[in-house]
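Participant: What follows is a single structure, and I will ask about it in a moment.
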Amino acid sequence: MDEREIQLGNLLAETLVAFGEGRSADVDRLLDSAGDDRLELVEMVELSLTLRGPASPSSEAIDALAMTPAFDARSWPEILTEARHAQGLKRPALVAALAKHLGIVSPDGEERVRERYHEIETGQLDPRRISSAVVDALGDVLGGMRAVLDATRLNPIGPLSPNVSFMRDGFDDVDGMVLMDMVLPAEPTADERRVDELFGV
Amino acid sequence: MADPSVYDADLVRRARVAHAKGDLRTAQNHAAELWLRYEKQARAISRKRARGDEADEVLGHLQLRFIKWVYFRQDEPRNMIGLLNQMASYAYGDVQRHEASQPVTVEEIEDYRQPHTDRTLSAILDRAEIDQLMSVLSERERLIIERELADVPDSEVAAELEIEPNNLHQIRWRALKRMREAADQQEWGS
């Protein structure tokens, strides 16, 4: 009898039982005890589980998992708007709290936070590029929303919100717009640059 | 035995239709069911990429990618185990980027075009292929595997075959190894 095969066979049997009972720490301990043969043991576990085929989860388990943040299918504009309303927060109050969380104290920095937050809530700014500091701060300001925001940050933002505040019906003052276009934008301040960086702009 | 891939494909299709209609609760339920069907396999696959806590992090990223795939991709699932293996390699990259404080980019989360090159059993879920792999086993090996799939306790199988449990485990190990080798040959030969 090949002693090593017996050891690995026993480890496989024990690991499958631990897998079946959801004992992750024991699974890891058993896999690691295979030493150099760990990967082969994992592959055998995978094969055994594959042969067994997919599980048939209960409707209770499905319902419970479906309501966890990871499965939230909403976009950030939807989530932020709903959460803000649920907290009874007006945008200025949210922006002030967000700026404070981010350590932005200057008026120009806070104004930039307002602009960037507006862009996120209206679907103009993709949340997939914003920093984790902003995700964390927003999660706190909106009351324990970190996990939801983190899990949904990569969801597509969908069509632009109707609250987008630029003119959609054309420009009345074309000359004025052309003139404005010719004016070079002011150099951003240090806080404005910092805010842009935090928001991935 | 019915081919589970048909049921899986239907779940994915219904989740996407519900999502497109704005019925997010239904979409979430279908995605959750699909994940739970393969959660154990996903746990094992994440442990091919990393160990311990890091493997759990890979699993978390793998789950996130899996859910996004259900909701937002267009492609049909052909083989969930193969898909999970492919996603796990990207999920491991997500963990490394996270540890380096680099956010996952849009391009990275949406890119599944590269074929995975690991030695994995990416084609084994198909029932016909499983039956084909079973044919490489001896009668005794096949009986051991079939009893395992029927959840017959090892002690009973050992008694039935008049062998020690240790010997049973060894035979099963060898049988699985032969099946895997046969699957690898099919994969590389195809």
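Every chain in the structure tokens has a letter given in the order shown (A, B, ...), and although residue numbers restart at 1 in each chain, ligands are simply numbered from 1 in the order shown.
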Give me, as a tab-separated table, the closest atom pair and its distance (Å, one decimal) for every residue of chain B within a cut-off of 6 Å of chain A, counting only C-alpha atoms, rows sorted by chain and rising number.
Facilitator:
```
residue	atom	partner	partner_atom	distance
B:Gln28	CA	A:Ala66	CA	5.1
B:Asn29	CA	A:Ala66	CA	5.1
B:Ala32	CA	A:Ala66	CA	5.1
B:Glu33	CA	A:Ile62	CA	5.4
B:Arg37	CA	A:Ala55	CA	4.4
B:Tyr38	CA	A:Pro54	CA	5.5
B:Ala44	CA	A:Glu46	CA	5.7
B:Gly52	CA	A:Asp28	CA	5.9
B:Leu149	CA	A:Arg52	CA	5.7
B:His169	CA	A:Gly9	CA	4.4
B:Gln170	CA	A:Ile6	CA	4.7
B:Trp173	CA	A:Gly9	CA	5.1
```
Participant: Those same residues, written as a CSV table (one decimal), in the first residue's frame with N, CA and C atoms?
Facilitator:
```
chain,number,residue,atom,x,y,z
B,28,GLN,N,-32.2,39.5,-7.9
B,28,GLN,CA,-31.3,39.1,-6.7
B,28,GLN,C,-31.6,37.7,-6.3
B,29,ASN,N,-32.8,37.3,-6.2
B,29,ASN,CA,-33.1,35.9,-5.8
B,29,ASN,C,-32.5,34.9,-6.8
B,32,ALA,N,-28.8,34.8,-6.3
B,32,ALA,CA,-28.4,34.2,-5.1
B,32,ALA,C,-28.6,32.7,-5.2
B,33,GLU,N,-29.6,32.2,-5.8
B,33,GLU,CA,-29.8,30.8,-6.0
B,33,GLU,C,-28.6,30.2,-6.8
B,37,ARG,N,-25.9,27.4,-5.5
B,37,ARG,CA,-25.7,26.1,-6.1
B,37,ARG,C,-24.3,25.7,-6.3
B,38,TYR,N,-23.4,26.7,-6.4
B,38,TYR,CA,-22.0,26.5,-6.6
B,38,TYR,C,-21.1,27.0,-5.5
B,44,ALA,N,-13.8,25.9,-2.8
B,44,ALA,CA,-12.6,25.0,-3.2
B,44,ALA,C,-11.8,25.8,-4.2
B,52,GLY,N,-6.1,30.2,3.5
B,52,GLY,CA,-6.7,30.8,4.7
B,52,GLY,C,-7.5,32.1,4.5
B,149,LEU,N,-21.4,9.6,-4.2
B,149,LEU,CA,-22.4,10.5,-4.8
B,149,LEU,C,-23.7,10.3,-4.2
B,169,HIS,N,-10.4,4.9,1.1
B,169,HIS,CA,-9.9,6.3,0.8
B,169,HIS,C,-8.8,6.3,-0.3
B,170,GLN,N,-7.9,5.3,-0.2
B,170,GLN,CA,-6.9,5.2,-1.1
B,170,GLN,C,-7.4,4.9,-2.5
B,173,TRP,N,-9.1,8.0,-3.9
B,173,TRP,CA,-8.1,8.9,-4.3
B,173,TRP,C,-7.5,8.6,-5.7
```
Participant: So what do you get for CA of Glu160 in chain B versus CA of Arg180 in chain B, distance-wise?
Facilitator: 25.8 Å
Participant: Quick one: distance from CA of Ala31 in chain B to CA of Val95 in chain B in Å, one decimal?
Facilitator: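 Answer for the CA of Ala31 in chain B to CA of Val95 in chain B separation: 22.6 Å.
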